[in-house]
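Printed here is query_1.cif (mmCIF, C-alpha atoms):
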```cif
data_entry
#
loop_
_atom_site.label_atom_id
_atom_site.label_comp_id
_atom_site.auth_asym_id
_atom_site.auth_seq_id
_atom_site.Cartn_x
_atom_site.Cartn_y
_atom_site.Cartn_z
CA MET B 9 102.85 122.41 174.35
CA THR B 10 99.89 122.44 172.01
CA LEU B 11 97.98 119.48 170.70
CA ASP B 12 97.99 119.24 166.92
CA ILE B 13 94.48 118.07 166.05
CA TRP B 14 95.50 117.11 162.49
CA LEU B 15 98.18 114.79 163.84
CA VAL B 16 95.65 113.20 166.20
CA ALA B 17 93.23 112.74 163.29
CA ALA B 18 95.98 111.15 161.19
CA VAL B 19 96.86 108.72 163.97
CA CYS B 20 93.18 107.80 164.37
CA PHE B 21 92.84 107.20 160.62
CA PHE B 22 95.94 104.99 160.60
CA ILE B 23 94.64 102.97 163.56
CA LEU B 24 91.32 102.47 161.77
CA ALA B 25 93.16 101.46 158.59
CA PHE B 26 95.13 98.90 160.60
CA CYS B 27 91.86 97.52 162.00
CA ALA B 28 90.52 97.20 158.45
CA VAL B 29 93.67 95.32 157.44
CA LEU B 30 93.07 92.96 160.33
CA ARG B 31 89.63 92.27 158.84
CA VAL B 32 91.27 91.08 155.61
CA ILE B 33 92.88 88.08 157.29
CA PRO B 34 89.78 86.25 158.64
CA GLY B 35 87.38 87.50 155.96
CA PRO B 36 84.90 84.73 155.16
CA THR B 37 84.51 85.56 151.47
CA LEU B 38 86.60 87.15 148.75
CA ASN B 39 84.17 90.07 148.48
CA ASP B 40 84.52 90.75 152.20
CA ARG B 41 88.30 90.82 151.87
CA LEU B 42 88.20 93.12 148.84
CA ILE B 43 85.92 95.57 150.64
CA ALA B 44 88.21 95.52 153.68
CA VAL B 45 91.23 96.30 151.48
CA ASN B 46 89.38 99.20 149.84
CA VAL B 47 88.32 100.58 153.22
CA ALA B 48 91.88 100.28 154.53
CA ALA B 49 93.27 102.11 151.49
CA THR B 50 90.67 104.86 151.82
CA LEU B 51 91.39 105.34 155.52
CA ALA B 52 95.14 105.34 154.88
CA CYS B 53 94.67 108.05 152.25
CA ALA B 54 92.62 110.11 154.66
CA GLY B 55 95.35 109.67 157.27
CA ALA B 56 97.98 110.76 154.76
CA LEU B 57 95.99 113.87 153.90
CA SER B 58 95.59 114.72 157.58
CA LEU B 59 99.30 114.15 158.10
CA THR B 60 100.00 116.45 155.14
CA VAL B 61 98.08 119.26 156.80
CA SER B 62 99.92 118.62 160.06
CA VAL B 63 103.44 118.31 158.64
CA GLY B 64 103.15 120.43 155.50
CA ASP B 65 104.96 118.01 153.21
CA LEU B 66 103.25 117.76 149.82
CA ILE B 67 104.80 114.46 148.74
CA LEU B 68 102.50 112.50 151.08
CA PRO B 69 99.25 113.03 149.13
CA VAL B 70 101.03 112.13 145.89
CA LEU B 71 102.26 108.85 147.36
CA ALA B 72 98.86 108.18 148.94
CA GLY B 73 97.13 108.79 145.62
CA LEU B 74 99.46 106.42 143.80
CA LEU B 75 98.95 103.78 146.47
CA ALA B 76 95.18 104.19 146.25
CA CYS B 77 95.19 103.87 142.47
CA ILE B 78 97.25 100.69 142.65
CA VAL B 79 95.08 99.15 145.37
CA PHE B 80 91.78 100.06 143.72
CA ALA B 81 92.89 98.87 140.29
CA THR B 82 94.10 95.60 141.80
CA THR B 83 90.84 94.96 143.63
CA ILE B 84 88.84 95.72 140.49
CA ARG B 85 90.95 93.25 138.53
CA ILE B 86 90.65 90.55 141.19
CA SER B 87 86.88 90.99 141.32
CA GLN B 88 86.65 90.66 137.52
CA VAL B 89 88.79 87.53 137.42
CA HIS B 90 86.88 85.80 140.21
CA ARG B 91 83.41 86.88 139.08
CA GLY B 92 82.08 83.38 138.37
CA VAL B 93 83.65 81.71 141.41
CA VAL B 94 81.18 81.06 144.22
CA PRO B 95 82.95 80.52 147.54
#
```

Rendering of file as structure tokens:
Amino acid sequence: MTLDIWLVAAVCFFILAFCAVLRVIPGPTLNDRLIAVNVAATLACAGALSLTVSVGDLILPVLAGLLACIVFATTIRISQVHRGVVP
């Protein structure tokens, strides 16, 4: 039995993304929450790319890219709407 290093890297990225999502819940400010969401999306995309190398399925990076575009566009819009609000 061999250890697939890409699968281990993907699992580590997903664990780190989950930890970033946990940071969203108690975030003291809106900016802190938005940064945590962006970090979680970036780590999830890195995990999806690592999983793609491990599994060989090319639909994963497409889905990860779409998810990243949606998340990043949403956080940009939220930051523009709440620009003048001081927490």

Residue contacts of Ile13 in chain B (12 Å, all atoms listed in the file) excluding same-chain residues fewer than 6 positions away, as a PyMOL selection string: chain B and resi 19-20+58-59+61-63

Check the smallest atom-to-atom distance from each of B:Ile86, B:Ala72, B:Leu11, B:Cys27 to Thr50 in chain B using all atoms listed in the file, then report the winner. B:Ala72

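Contact shell of Phe26 in chain B at 10 Å (only C-alpha atoms; same-chain neighbours under 6 positions omitted): Cys20, Ala48, Ala49, Leu51 and Ala52 of chain B.
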
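Put simply, the PyMOL selection byres ((chain B and resi 29-37) around 12) on this file hits Phe22, Ile23, Leu24, Ala25, Phe26, Cys27, Ala28, Leu38, Asn39, Asp40, Arg41, Leu42, Ile43, Ala44, Val45, Asn46, Val47, Ala48, Ala49, Thr50, Leu51, Ala52, Ser87, His90, Val93, Val94 and Pro95 of chain B.
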
Using the chain letters and numbers from the file, give me the residues hit by the PyMOL selection byres ((chain B and resi 69) around 10), as a tab-separated table (two decimals) with C-alpha atoms, in the coordinates of the input.
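What landed in selection_27.tsv:
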```tsv
chain	number	residue	atom	x	y	z
B	53	CYS	CA	94.67	108.05	152.25
B	54	ALA	CA	92.62	110.11	154.66
B	55	GLY	CA	95.35	109.67	157.27
B	56	ALA	CA	97.98	110.76	154.76
B	57	LEU	CA	95.99	113.87	153.90
B	58	SER	CA	95.59	114.72	157.58
B	59	LEU	CA	99.30	114.15	158.10
B	60	THR	CA	100.00	116.45	155.14
B	61	VAL	CA	98.08	119.26	156.80
B	65	ASP	CA	104.96	118.01	153.21
B	66	LEU	CA	103.25	117.76	149.82
B	67	ILE	CA	104.80	114.46	148.74
B	68	LEU	CA	102.50	112.50	151.08
B	70	VAL	CA	101.03	112.13	145.89
B	71	LEU	CA	102.26	108.85	147.36
B	72	ALA	CA	98.86	108.18	148.94
B	73	GLY	CA	97.13	108.79	145.62
B	74	LEU	CA	99.46	106.42	143.80
B	75	LEU	CA	98.95	103.78	146.47
```

Would you compute the distance between CA of Ala81 in chain B and CA of Gly64 in chain B? Give it in Å to one decimal. 28.3 Å
